[in-house]
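**Q** Enclosed is the structure file final-v7.cif (mmCIF, C-alpha atoms and all ligand atoms).
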data_run
loop_
_atom_site.label_atom_id
_atom_site.label_comp_id
_atom_site.auth_asym_id
_atom_site.auth_seq_id
_atom_site.Cartn_x
_atom_site.Cartn_y
_atom_site.Cartn_z
CA MET A 63 -0.46 49.44 11.23
CA SER A 64 -1.23 50.80 7.84
CA SER A 65 -3.21 49.71 4.87
CA ARG A 66 -2.86 49.52 1.14
CA LEU A 67 -4.45 52.16 -1.05
CA GLU A 68 -5.39 51.43 -4.63
CA ALA A 69 -6.66 53.65 -7.40
CA GLU A 70 -8.03 51.84 -10.42
CA GLN A 71 -8.63 53.67 -13.69
CA LEU A 72 -9.92 56.80 -12.00
CA TYR A 73 -11.52 59.53 -14.08
CA LYS A 74 -12.96 62.86 -13.04
CA VAL A 75 -14.70 64.98 -15.63
CA PHE A 76 -16.29 68.33 -14.80
CA GLY A 77 -19.01 69.63 -17.09
CA ARG A 78 -21.77 68.19 -19.20
CA ARG A 79 -22.24 64.52 -20.10
CA PRO A 80 -19.22 63.30 -18.13
CA GLY A 81 -19.89 59.64 -18.96
CA GLU A 82 -19.67 60.36 -22.67
CA ALA A 83 -16.47 62.30 -22.10
CA VAL A 84 -14.92 59.31 -20.32
CA GLU A 85 -15.72 57.13 -23.32
CA ARG A 86 -13.96 59.59 -25.60
CA LEU A 87 -10.96 59.73 -23.25
CA ARG A 88 -10.81 55.92 -23.22
CA ARG A 89 -10.64 56.01 -27.00
CA GLY A 90 -7.61 58.30 -26.80
CA ALA A 91 -9.00 61.84 -26.65
CA ASP A 92 -7.08 64.23 -24.41
CA ARG A 93 -7.98 67.20 -22.28
CA GLU A 94 -7.65 69.66 -25.13
CA ASP A 95 -10.09 67.70 -27.32
CA LEU A 96 -12.79 67.95 -24.67
CA ARG A 97 -12.24 71.57 -23.79
CA ALA A 98 -14.04 72.73 -26.92
CA ASP A 99 -17.31 71.37 -25.43
CA GLY A 100 -16.71 73.21 -22.17
CA THR A 101 -15.82 69.98 -20.40
CA THR A 102 -12.76 69.60 -18.15
CA ALA A 103 -11.03 66.25 -17.88
CA ALA A 104 -9.37 66.88 -14.53
CA VAL A 105 -8.12 63.32 -13.99
CA ILE A 106 -7.76 60.74 -16.76
CA ASP A 107 -7.25 57.03 -16.21
CA ALA A 108 -5.21 57.18 -13.00
CA SER A 109 -4.13 53.81 -11.61
CA PHE A 110 -1.63 53.12 -8.84
CA THR A 111 -1.07 51.25 -5.63
CA VAL A 112 0.38 52.70 -2.45
CA GLU A 113 1.81 49.96 -0.29
CA PRO A 114 1.23 50.14 3.47
CA GLY A 115 3.68 52.44 5.21
CA ARG A 116 4.92 54.08 2.01
CA ILE A 117 5.00 57.69 0.84
CA PHE A 118 3.51 58.12 -2.62
CA VAL A 119 4.12 61.54 -4.12
CA VAL A 120 1.99 63.02 -6.87
CA MET A 121 3.92 65.70 -8.70
CA GLY A 122 2.79 68.01 -11.48
CA LEU A 123 2.29 71.61 -12.51
CA SER A 124 -0.65 73.64 -11.31
CA GLY A 125 -3.83 72.43 -13.03
CA SER A 126 -2.48 68.96 -13.80
CA GLY A 127 -5.18 67.31 -11.65
CA LYS A 128 -3.40 66.58 -8.37
CA SER A 129 -5.96 67.98 -5.94
CA THR A 130 -8.86 66.44 -7.84
CA LEU A 131 -7.13 63.07 -7.65
CA LEU A 132 -6.54 63.45 -3.92
CA ARG A 133 -10.14 64.39 -3.25
CA MET A 134 -11.30 61.24 -4.97
CA LEU A 135 -9.01 59.21 -2.72
CA ASN A 136 -10.84 60.32 0.41
CA GLY A 137 -14.27 60.33 -1.15
CA LEU A 138 -14.78 64.10 -1.10
CA LEU A 139 -15.25 63.87 -4.86
CA GLU A 140 -17.03 61.00 -6.52
CA PRO A 141 -15.07 59.59 -9.46
CA THR A 142 -16.77 59.81 -12.84
CA ALA A 143 -15.37 56.32 -13.42
CA GLY A 144 -13.05 53.93 -11.63
CA HIS A 145 -12.49 52.70 -8.10
CA VAL A 146 -10.65 53.61 -4.92
CA ARG A 147 -9.87 50.79 -2.53
CA PHE A 148 -8.51 51.32 0.94
CA ASP A 149 -7.99 48.74 3.61
CA GLY A 150 -9.88 46.24 1.45
CA GLN A 151 -12.92 48.51 1.12
CA ASP A 152 -14.18 49.98 -2.13
CA LEU A 153 -14.75 53.60 -1.10
CA THR A 154 -16.65 54.28 -4.30
CA ALA A 155 -19.32 51.74 -3.27
CA LEU A 156 -20.00 53.15 0.22
CA SER A 157 -23.05 55.15 1.26
CA ASP A 158 -22.48 58.78 2.26
CA ARG A 159 -22.76 57.85 5.91
CA GLU A 160 -20.26 55.00 5.67
CA LEU A 161 -17.93 57.23 3.74
CA ARG A 162 -18.05 59.96 6.38
CA GLU A 163 -17.25 57.34 8.99
CA VAL A 164 -14.22 56.07 7.05
CA ARG A 165 -13.09 59.61 6.41
CA SER A 166 -13.21 60.62 10.04
CA ARG A 167 -11.52 57.47 11.40
CA LYS A 168 -9.10 56.23 8.80
CA ILE A 169 -8.12 59.22 6.69
CA SER A 170 -6.54 62.53 7.63
CA MET A 171 -5.85 65.49 5.41
CA VAL A 172 -3.25 68.23 5.76
CA PHE A 173 -3.76 71.23 3.52
CA GLN A 174 -1.47 73.96 2.28
CA HIS A 175 -3.17 76.73 4.23
CA PHE A 176 -3.99 75.21 7.48
CA ALA A 177 -6.89 76.90 9.22
CA LEU A 178 -6.46 76.94 12.98
CA PHE A 179 -9.24 78.13 15.27
CA PRO A 180 -7.90 81.40 16.70
CA HIS A 181 -9.77 81.17 20.00
CA ARG A 182 -8.69 77.65 20.78
CA SER A 183 -5.37 76.68 22.29
CA VAL A 184 -2.80 74.74 20.29
CA LEU A 185 -3.85 71.63 22.20
CA GLU A 186 -7.54 72.12 21.43
CA ASN A 187 -6.70 72.70 17.80
CA ALA A 188 -4.66 69.51 17.64
CA ALA A 189 -7.49 67.60 19.32
CA TYR A 190 -10.14 68.85 16.91
CA GLY A 191 -10.32 65.70 14.76
CA LEU A 192 -10.84 63.60 17.86
CA GLU A 193 -13.54 65.95 19.10
CA VAL A 194 -15.39 65.42 15.82
CA GLN A 195 -15.07 61.67 16.38
CA GLY A 196 -16.64 62.07 19.83
CA VAL A 197 -13.57 60.97 21.78
CA PRO A 198 -13.92 61.98 25.47
CA ARG A 199 -11.99 65.09 26.57
CA ARG A 200 -9.34 63.37 28.69
CA GLU A 201 -8.39 60.87 26.03
CA ARG A 202 -8.34 63.40 23.24
CA GLU A 203 -6.14 65.78 25.20
CA GLN A 204 -3.71 62.99 25.92
CA ARG A 205 -3.58 61.85 22.32
CA ALA A 206 -3.28 65.41 21.05
CA THR A 207 -0.42 66.04 23.50
CA GLU A 208 1.41 63.01 22.11
CA ALA A 209 0.76 64.12 18.54
CA LEU A 210 2.10 67.61 19.28
CA GLU A 211 5.21 66.07 20.71
CA LEU A 212 5.65 63.96 17.55
CA ALA A 213 5.26 67.09 15.45
CA GLY A 214 7.96 68.85 17.47
CA LEU A 215 5.65 71.14 19.45
CA ALA A 216 6.03 69.81 22.99
CA GLY A 217 5.58 72.69 25.44
CA TRP A 218 3.34 74.74 23.16
CA GLU A 219 0.05 73.09 24.15
CA LYS A 220 -1.34 76.09 25.99
CA SER A 221 -0.26 78.71 23.45
CA TRP A 222 -2.62 80.47 21.04
CA PRO A 223 -2.30 80.06 17.29
CA ASP A 224 -1.25 83.69 16.74
CA GLU A 225 1.77 83.11 18.98
CA LEU A 226 3.08 80.55 16.48
CA SER A 227 5.11 81.05 13.31
CA GLY A 228 3.78 79.80 9.98
CA GLY A 229 5.91 76.68 10.18
CA MET A 230 4.70 75.91 13.67
CA GLN A 231 1.09 76.40 12.66
CA GLN A 232 1.64 73.89 9.90
CA ARG A 233 3.00 71.50 12.52
CA VAL A 234 -0.25 71.88 14.45
CA GLY A 235 -2.00 70.79 11.25
CA LEU A 236 0.25 67.78 11.10
CA ALA A 237 -0.39 67.03 14.78
CA ARG A 238 -4.14 67.22 14.22
CA ALA A 239 -3.81 64.67 11.43
CA LEU A 240 -1.58 62.40 13.53
CA ALA A 241 -3.78 62.57 16.64
CA THR A 242 -6.65 60.73 14.99
CA ASP A 243 -4.54 57.63 14.40
CA ALA A 244 -5.69 57.57 10.80
CA ASP A 245 -3.81 55.06 8.65
CA LEU A 246 -3.95 57.20 5.57
CA LEU A 247 -2.47 60.70 5.46
CA LEU A 248 -3.34 62.84 2.47
CA MET A 249 -1.17 65.93 2.17
CA ASP A 250 -2.00 68.52 -0.47
CA GLU A 251 0.91 70.92 -0.98
CA SER A 252 1.20 70.88 2.80
CA PHE A 253 4.61 72.54 2.85
CA SER A 254 4.34 74.72 -0.24
CA ALA A 255 3.50 77.94 1.58
CA LEU A 256 6.52 77.72 3.89
CA ASP A 257 9.89 79.44 3.55
CA PRO A 258 12.53 77.17 2.01
CA LEU A 259 14.44 76.47 5.22
CA ILE A 260 11.33 75.75 7.26
CA ARG A 261 10.05 73.68 4.41
CA ARG A 262 13.15 71.49 4.47
CA ASP A 263 12.75 71.19 8.20
CA MET A 264 9.21 69.95 7.77
CA GLN A 265 10.32 67.46 5.13
CA ASP A 266 12.94 66.10 7.52
CA GLN A 267 10.37 65.94 10.28
CA LEU A 268 7.98 63.99 8.08
CA ILE A 269 10.72 61.53 7.11
CA GLU A 270 11.60 61.05 10.79
CA LEU A 271 7.96 60.65 11.79
CA GLN A 272 7.38 58.16 9.04
CA LYS A 273 10.19 55.95 10.37
CA LYS A 274 8.19 55.62 13.57
CA LEU A 275 4.60 55.76 12.39
CA ARG A 276 4.65 53.98 9.03
CA LYS A 277 1.49 55.61 7.74
CA THR A 278 0.31 55.23 4.20
CA ILE A 279 0.88 58.71 2.78
CA VAL A 280 -0.11 60.44 -0.43
CA PHE A 281 1.82 63.69 -0.67
CA ILE A 282 1.10 66.24 -3.37
CA THR A 283 3.61 68.78 -4.55
CA HIS A 284 4.57 70.78 -7.61
CA ASP A 285 8.21 70.72 -6.50
CA LEU A 286 10.30 67.88 -7.93
CA ASN A 287 13.07 68.27 -5.35
CA GLU A 288 10.50 67.84 -2.59
CA ALA A 289 9.00 64.88 -4.44
CA MET A 290 12.39 63.23 -4.67
CA ARG A 291 13.25 63.77 -1.03
CA LEU A 292 9.98 62.36 0.26
CA GLY A 293 8.66 59.86 -2.22
CA ASP A 294 9.21 56.12 -2.03
CA SER A 295 7.58 56.37 -5.38
CA ILE A 296 6.52 59.33 -7.48
CA ALA A 297 3.74 59.80 -10.01
CA VAL A 298 4.27 62.61 -12.50
CA MET A 299 1.02 64.13 -13.78
CA ARG A 300 0.48 66.14 -16.92
CA ASP A 301 -2.85 67.47 -18.20
CA GLY A 302 -4.82 65.01 -16.07
CA ARG A 303 -2.82 61.91 -16.89
CA ILE A 304 -0.10 60.15 -14.92
CA VAL A 305 2.78 60.04 -17.37
CA GLN A 306 5.23 58.11 -15.19
CA ILE A 307 5.34 56.29 -11.87
CA GLY A 308 8.68 55.33 -10.44
CA THR A 309 11.31 55.93 -7.82
CA ALA A 310 13.26 59.18 -7.79
CA GLU A 311 16.06 57.31 -9.52
CA ASP A 312 13.77 55.92 -12.22
CA ILE A 313 12.52 59.39 -13.01
CA LEU A 314 15.98 60.92 -13.15
CA VAL A 315 17.75 58.13 -14.97
CA ARG A 316 14.94 56.66 -17.05
CA PRO A 317 12.42 59.46 -17.72
CA ALA A 318 9.39 58.12 -19.60
CA ASN A 319 9.40 60.97 -22.11
CA ASP A 320 10.84 64.40 -22.93
CA TYR A 321 8.34 66.11 -20.68
CA VAL A 322 9.52 64.26 -17.59
CA ALA A 323 13.13 64.71 -18.67
CA SER A 324 12.68 68.47 -18.97
CA PHE A 325 11.21 68.53 -15.48
CA THR A 326 14.26 66.90 -14.00
CA GLN A 327 16.79 69.36 -15.40
CA ASP A 328 16.99 71.48 -12.28
CA VAL A 329 17.07 68.63 -9.81
CA ASP A 330 20.08 68.32 -7.59
CA ARG A 331 21.11 64.89 -8.80
CA SER A 332 23.82 64.53 -6.21
CA ARG A 333 21.17 64.11 -3.54
CA VAL A 334 19.12 61.51 -5.31
CA LEU A 335 21.39 59.22 -7.23
CA THR A 336 23.41 56.38 -5.79
CA ALA A 337 26.34 54.45 -7.18
CA ALA A 338 24.00 51.61 -8.16
CA ALA A 339 22.09 53.95 -10.47
CA VAL A 340 25.06 55.37 -12.30
CA MET A 341 27.52 52.47 -12.46
CA ASP A 342 28.23 50.20 -15.40
CA ALA A 343 27.23 46.81 -14.06
CA ARG A 344 29.98 44.19 -13.97
CA THR A 345 30.30 40.54 -13.13
CA ARG A 346 33.05 39.35 -10.83
CA GLY A 347 36.45 39.00 -12.41
CA ASP A 348 36.73 42.44 -14.01
CA GLU A 349 38.58 44.00 -11.09
CA ALA A 350 41.64 44.76 -13.18
CA GLU A 351 40.31 47.94 -14.77
CA CYS A 352 39.58 49.68 -11.46
CA GLY A 353 41.70 51.55 -9.00
CA CYS A 354 41.77 50.71 -5.34
CA GLU A 355 39.06 53.23 -4.45
CA THR A 356 35.73 51.58 -3.81
CA ALA A 357 32.14 52.57 -3.12
CA SER A 358 29.08 50.54 -2.18
CA PRO A 359 25.93 50.39 -4.33
CA GLY A 360 24.22 52.75 -1.87
CA THR A 361 26.97 55.38 -1.89
CA ALA A 362 25.43 58.79 -2.61
CA PHE A 363 26.33 60.45 -5.87
CA GLY A 364 28.02 63.41 -4.18
CA GLU A 365 30.32 61.15 -2.23
CA LEU A 366 31.00 59.14 -5.35
CA CYS A 367 32.21 62.30 -7.07
CA ALA A 368 34.51 63.07 -4.17
CA ILE A 369 35.97 59.56 -4.39
CA SER A 370 36.32 59.78 -8.13
CA ALA A 371 38.14 63.09 -7.86
CA ARG A 372 40.94 61.40 -5.89
CA VAL A 373 41.79 58.76 -8.48
CA GLU A 374 42.45 58.46 -12.19
CA HIS A 375 40.87 55.02 -12.44
CA PRO A 376 37.18 54.27 -12.42
CA VAL A 377 35.74 53.73 -8.95
CA ALA A 378 34.89 50.11 -8.13
CA VAL A 379 31.44 49.45 -6.70
CA VAL A 380 31.56 46.44 -4.40
CA ASP A 381 28.82 44.61 -2.53
CA ALA A 382 28.81 43.71 1.17
CA ASP A 383 31.08 40.68 0.53
CA GLY A 384 33.60 42.82 -1.33
CA GLY A 385 32.60 41.41 -4.73
CA LEU A 386 32.69 43.79 -7.68
CA VAL A 387 29.22 44.68 -8.95
CA GLY A 388 30.02 47.68 -11.14
CA VAL A 389 32.41 50.40 -12.12
CA VAL A 390 32.02 54.15 -12.42
CA PRO A 391 34.37 55.88 -14.83
CA ARG A 392 34.72 59.60 -14.21
CA GLN A 393 33.15 60.51 -17.52
CA ARG A 394 30.04 58.66 -16.43
CA LEU A 395 29.43 61.14 -13.64
CA VAL A 396 29.37 64.15 -15.94
CA GLY A 397 26.27 63.12 -17.85
CA PHE A 398 24.31 62.68 -14.64
CA LEU A 399 24.96 66.20 -13.47
CA GLY A 400 22.62 67.65 -16.05
CA ASP A 401 23.63 70.60 -18.18
CA GLU A 402 27.41 70.45 -17.82
CA GLN A 403 27.93 67.71 -20.36
CA GLY A 404 31.22 67.36 -22.15
CA GLU A 405 33.38 69.00 -19.51
CA PRO A 406 36.46 67.03 -18.62
CA GLY A 407 37.13 66.30 -14.95
CA PRO A 408 33.55 66.30 -13.70
CA CYS A 409 34.22 66.44 -10.04
CA ASP A 410 37.08 68.89 -9.83
CA THR A 411 36.09 71.30 -12.54
CA PRO A 412 36.32 74.90 -11.34
CA ARG A 413 33.03 75.72 -13.09
CA GLY A 414 30.41 76.60 -10.56
CA LYS A 415 27.45 74.34 -10.98
CA THR A 416 29.05 70.93 -10.94
CA VAL A 417 31.21 71.68 -7.99
CA GLY A 418 28.31 73.27 -6.13
CA ALA A 419 26.06 70.29 -6.75
CA VAL A 420 28.74 67.90 -5.58
CA LYS A 421 29.42 69.88 -2.45
CA ALA A 422 25.73 70.12 -1.65
CA GLY A 423 25.43 66.38 -1.70
CA ALA A 424 28.74 65.50 -0.07
N1 LIG B 501 -15.01 71.85 -9.30
C1 LIG B 501 -14.44 72.04 -10.51
N2 LIG B 501 -15.18 72.38 -11.59
C2 LIG B 501 -14.62 72.53 -12.79
N3 LIG B 501 -13.31 72.39 -13.05
C3 LIG B 501 -12.52 72.04 -12.02
C4 LIG B 501 -13.02 71.85 -10.70
N4 LIG B 501 -11.99 71.51 -9.89
C5 LIG B 501 -10.88 71.49 -10.66
N5 LIG B 501 -11.19 71.82 -11.95
C6 LIG B 501 -10.25 71.86 -13.09
O1 LIG B 501 -9.60 70.61 -13.17
C7 LIG B 501 -8.22 70.78 -13.50
C8 LIG B 501 -7.34 70.16 -12.43
O2 LIG B 501 -7.43 70.93 -11.26
P1 LIG B 501 -6.72 70.54 -9.89
O3 LIG B 501 -7.03 69.13 -9.57
O4 LIG B 501 -7.06 71.55 -8.88
O5 LIG B 501 -5.17 70.65 -10.30
P2 LIG B 501 -3.87 70.83 -9.38
O6 LIG B 501 -4.21 70.48 -7.98
O7 LIG B 501 -2.86 69.94 -10.00
O8 LIG B 501 -3.46 72.28 -9.51
C9 LIG B 501 -8.01 72.27 -13.67
O9 LIG B 501 -8.14 72.57 -15.04
C10 LIG B 501 -9.16 72.88 -12.89
O10 LIG B 501 -9.50 74.13 -13.40
MG MG B 502 -3.99 71.59 -6.16
#
What is this structure when it is put down as structure tokens?
Ligand SMILES: Nc1ncnc2c1ncn2[C@@H]1O[C@H](COP(=O)(O)OP(=O)(O)O)[C@@H](O)[C@H]1O
Ligand SMILES: [Mg+2]

**A**
Amino acid sequence: MSSRLEAEQLYKVFGRRPGEAVERLRRGADREDLRADGTTAAVIDASFTVEPGRIFVVMGLSGSGKSTLLRMLNGLLEPTAGHVRFDGQDLTALSDRELREVRSRKISMVFQHFALFPHRSVLENAAYGLEVQGVPRREREQRATEALELAGLAGWEKSWPDELSGGMQQRVGLARALATDADLLLMDESFSALDPLIRRDMQDQLIELQKKLRKTIVFITHDLNEAMRLGDSIAVMRDGRIVQIGTAEDILVRPANDYVASFTQDVDRSRVLTAAAVMDARTRGDEAECGCETASPGTAFGELCAISARVEHPVAVVDADGGLVGVVPRQRLVGFLGDEQGEPGPCDTPRGKTVGAVKAGA
């Protein structure tokens, strides 16, 4: 069971006269305007809702305000203005004691550099959050054992941290967060220090876990590919402000501005896009213009390219009843592959990038 998380017009200003700074920001000032006074507007007017059981990714360059935002969500930082609501409770209105209670029972954090206690076993490390909560030894060892199993570390309970690889240590961090049964998982660049292959592994593991556990997750990253793999929805931050919130498809296909668009240039579109996102929508009765090759609205872009490569005609996109809902002409696919525009034969061109991207997604 998870709960809804809401951020309402959150501001965090570091420096002198923060209240005054918020007023200026509300009137349209930006970070640069305030910097002259030695004031940092770390987070400016952030509002969003994370539905129960969803992964909300906050993506942005270093310094854009991601960690500050996250620390307001669990009450480690008090907002200069605005509210955080979780599970129906306004965290910003709680006393320090109430807040600590909420933080230890309902919220777990996983950091980038996960500090394990070197003289405690893997099991004891995973059970640490429960120990802080005062859960009796037996119960916490049982729950930590289950959490380690979920994190893919069954059999390692008695090992010492220095016997584990970096990826495995990060899994212990994940297990510690899972063991407490917290509804809300806050993950700050949790996978960013890992090698690419291990990192992908951890992303897959998180996606698998989430199918079972349905936590409410806020995941921070500066990597757009990671954001797109994990996020049910994604907030893009720039200079303290959220400049767009949307699905991976929204951000790729309908970027809010040039900044977001420039960010998406290196994304492997073939992994993210589906036929529904790239097709020209049609109403029933237009079947004549299509060949006999069909795809469904959920067909992945890479597969769509493979289908398109086999036929001259546009590919027909049909719904579950076989009714036509859209068509995808070959030329359509080119534009979505990024920087290869204008090349004929998008899916069978011998030029490296397009073919590579299609293969990667197929
Ligand atoms: N405690 C602090 N005091 C003053 N400035 C801070 C503090 N924490 C963060 N900042 C500033 O706020 C901005 C956002 O930082 P941060 O939230 O850490 O960004 P990110 O996590 O996206 O890299 C940066 O300019 C940073 O220097
Ligand atoms: Mg950070």

**Q** To one decimal place in Å, what is the distance between atom C4 of ligand LIG 501 (chain B) and atom CA of Phe76 of chain A?

**A**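 We find that atom C4 of ligand LIG 501 (chain B) and atom CA of Phe76 of chain A lie 6.3 Å from each other.
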
**Q** To one decimal in Å, tell me the separation between atom CA of Gly229 of chain A and atom CA of Met290 of chain A.

**A**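 Atom-to-atom, atom CA of Gly229 of chain A to atom CA of Met290 of chain A, that is 21.1 Å.
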
**Q** Kindly work out which residues sit at most 6 Å from ligand LIG 501 (chain B), using all atoms listed in the file, and give the list as an NGL selection string.

**A** :A and (76 or 102 or 104 or 123-130)

**Q** Please identify every residue of segment 268-368 of chain A that has at least one atom no farther than 10 Å from an atom of segment 195-217 of chain A, counting all atoms listed in the file, and for each give the shortest atom pair and the distance in Å to one decimal, arranged by chain then increasing number, as CSV.

**A**
residue,atom,partner,partner_atom,distance
A:Leu268,CA,A:Ala213,CA,8.4
A:Glu270,CA,A:Leu212,CA,9.5
A:Leu271,CA,A:Leu212,CA,7.0
A:Lys274,CA,A:Leu212,CA,9.6
A:Leu275,CA,A:Leu212,CA,9.7

**Q** Could you work out how far atom CA of Phe253 of chain A lies from atom CA of Trp222 of chain A, giving the answer in Å with one decimal?

**A**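 Between atom CA of Trp222 of chain A and atom CA of Phe253 of chain A the gap works out to 21.1 Å.
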
**Q** As a PyMOL selection string, please: the residues near Ala297 of chain A (cut-off 8 Å, all atoms listed in the file, same-chain neighbours under 3 positions excluded).

**A** chain A and resi 118-121+304-308

**Q** Find, counting only C-alpha atoms, the residue in A:Thr142, A:Ser295, A:Ser65, A:Thr278 that gets nearest to Gly81 of chain A.

**A** A:Thr142

**Q** With distances taken over only C-alpha atoms and all ligand atoms, which residue among A:Val112, A:Ala244, A:Ile117, A:Ile282 lies nearest ligand MG 502 (chain B)?

**A**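 Ranked by minimum distance to ligand MG 502 (chain B), first place goes to A:Ile282.
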
**Q** Would you compute the box with edges along x, y and z of the file around segment 99-105 of chain A, including every atom the file lists for it and 8 Å extra on each side, and give its centre and edge lengths in Å to one decimal, as AutoDock Vina command-line options?

**A**
--center_x -12.7 --center_y 68.3 --center_z -19.7 --size_x 25.2 --size_y 25.9 --size_z 27.4

**Q** Calculated over only C-alpha atoms and all ligand atoms, which of the candidates A:Met171, A:Leu131, A:Ala69, A:Ile269 has the smallest distance to ligand MG 502 (chain B)?

**A**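 The shortest atom-to-atom distance to ligand MG 502 (chain B) comes from A:Leu131.
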
**Q** Skipping near chain neighbours, those fewer than 3 positions away, what residues fall within 9 Å of Val389 of chain A using only C-alpha atoms, listed as a count of residues only?

**A** 15

**Q** Which of these residues is nearest to ligand MG 502 (chain B), using only C-alpha atoms and all ligand atoms: A:Arg89, A:His284, A:Arg165, A:Arg392?

**A**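 Counting only C-alpha atoms and all ligand atoms, the residue closest to ligand MG 502 (chain B) is A:His284.
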
**Q** Using all atoms listed in the file, pick whichever of A:Ala382, A:Leu132, A:Leu248, A:Leu236 has the shortest atom-to-atom distance to ligand MG 502 (chain B).

**A**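 The answer is A:Leu132, which sits nearest to ligand MG 502 (chain B).
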
**Q** Neighbours of Glu288 of chain A within 12 Å (only C-alpha atoms; same-chain residues fewer than 2 positions away dropped), as a PDB file with C-alpha atoms, keeping the file's coordinate frame?

**A**
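selection-v1.pdb, written as the output of this step:
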ATOM      1  CA  PHE A 118       3.510  58.120  -2.620  1.00  0.00           C
ATOM      2  CA  VAL A 119       4.120  61.540  -4.120  1.00  0.00           C
ATOM      3  CA  VAL A 120       1.990  63.020  -6.870  1.00  0.00           C
ATOM      4  CA  MET A 121       3.920  65.700  -8.700  1.00  0.00           C
ATOM      5  CA  GLY A 122       2.790  68.010 -11.480  1.00  0.00           C
ATOM      6  CA  GLU A 251       0.910  70.920  -0.980  1.00  0.00           C
ATOM      7  CA  SER A 252       1.200  70.880   2.800  1.00  0.00           C
ATOM      8  CA  PHE A 253       4.610  72.540   2.850  1.00  0.00           C
ATOM      9  CA  SER A 254       4.340  74.720  -0.240  1.00  0.00           C
ATOM     10  CA  PRO A 258      12.530  77.170   2.010  1.00  0.00           C
ATOM     11  CA  ARG A 261      10.050  73.680   4.410  1.00  0.00           C
ATOM     12  CA  ARG A 262      13.150  71.490   4.470  1.00  0.00           C
ATOM     13  CA  ASP A 263      12.750  71.190   8.200  1.00  0.00           C
ATOM     14  CA  MET A 264       9.210  69.950   7.770  1.00  0.00           C
ATOM     15  CA  GLN A 265      10.320  67.460   5.130  1.00  0.00           C
ATOM     16  CA  ASP A 266      12.940  66.100   7.520  1.00  0.00           C
ATOM     17  CA  LEU A 268       7.980  63.990   8.080  1.00  0.00           C
ATOM     18  CA  ILE A 269      10.720  61.530   7.110  1.00  0.00           C
ATOM     19  CA  PHE A 281       1.820  63.690  -0.670  1.00  0.00           C
ATOM     20  CA  ILE A 282       1.100  66.240  -3.370  1.00  0.00           C
ATOM     21  CA  THR A 283       3.610  68.780  -4.550  1.00  0.00           C
ATOM     22  CA  HIS A 284       4.570  70.780  -7.610  1.00  0.00           C
ATOM     23  CA  ASP A 285       8.210  70.720  -6.500  1.00  0.00           C
ATOM     24  CA  LEU A 286      10.300  67.880  -7.930  1.00  0.00           C
ATOM     25  CA  MET A 290      12.390  63.230  -4.670  1.00  0.00           C
ATOM     26  CA  ARG A 291      13.250  63.770  -1.030  1.00  0.00           C
ATOM     27  CA  LEU A 292       9.980  62.360   0.260  1.00  0.00           C
ATOM     28  CA  GLY A 293       8.660  59.860  -2.220  1.00  0.00           C
ATOM     29  CA  ASP A 294       9.210  56.120  -2.030  1.00  0.00           C
ATOM     30  CA  ILE A 296       6.520  59.330  -7.480  1.00  0.00           C
ATOM     31  CA  ALA A 310      13.260  59.180  -7.790  1.00  0.00           C
ATOM     32  CA  VAL A 329      17.070  68.630  -9.810  1.00  0.00           C
ATOM     33  CA  ASP A 330      20.080  68.320  -7.590  1.00  0.00           C
ATOM     34  CA  ARG A 333      21.170  64.110  -3.540  1.00  0.00           C
ATOM     35  CA  VAL A 334      19.120  61.510  -5.310  1.00  0.00           C
TER      36      VAL A 334
END

**Q** Using all atoms listed in the file, which protein or nucleic acid residues come within 10 Å of Gln71 of chain A? Drop anything in the same chain fewer than 6 positions from it, and give the result as a PyMOL selection string.

**A** chain A and resi 105-110+141+143-146

**Q** Give me the residues within 8 Å of Asn187 of chain A as JSON, numbers by chain, counting all atoms listed in the file and dropping any in the same chain fewer than 3 places off.

**A** {"A": [178, 179, 182, 183, 184, 190, 234, 238]}

**Q** Using only C-alpha atoms for the distances, tell me which of A:Glu113, A:Asp312, A:Glu193, A:Asp381 is nearest to Ile279 of chain A.

**A**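 With only C-alpha atoms as the atom set, the closest residue is A:Glu113.
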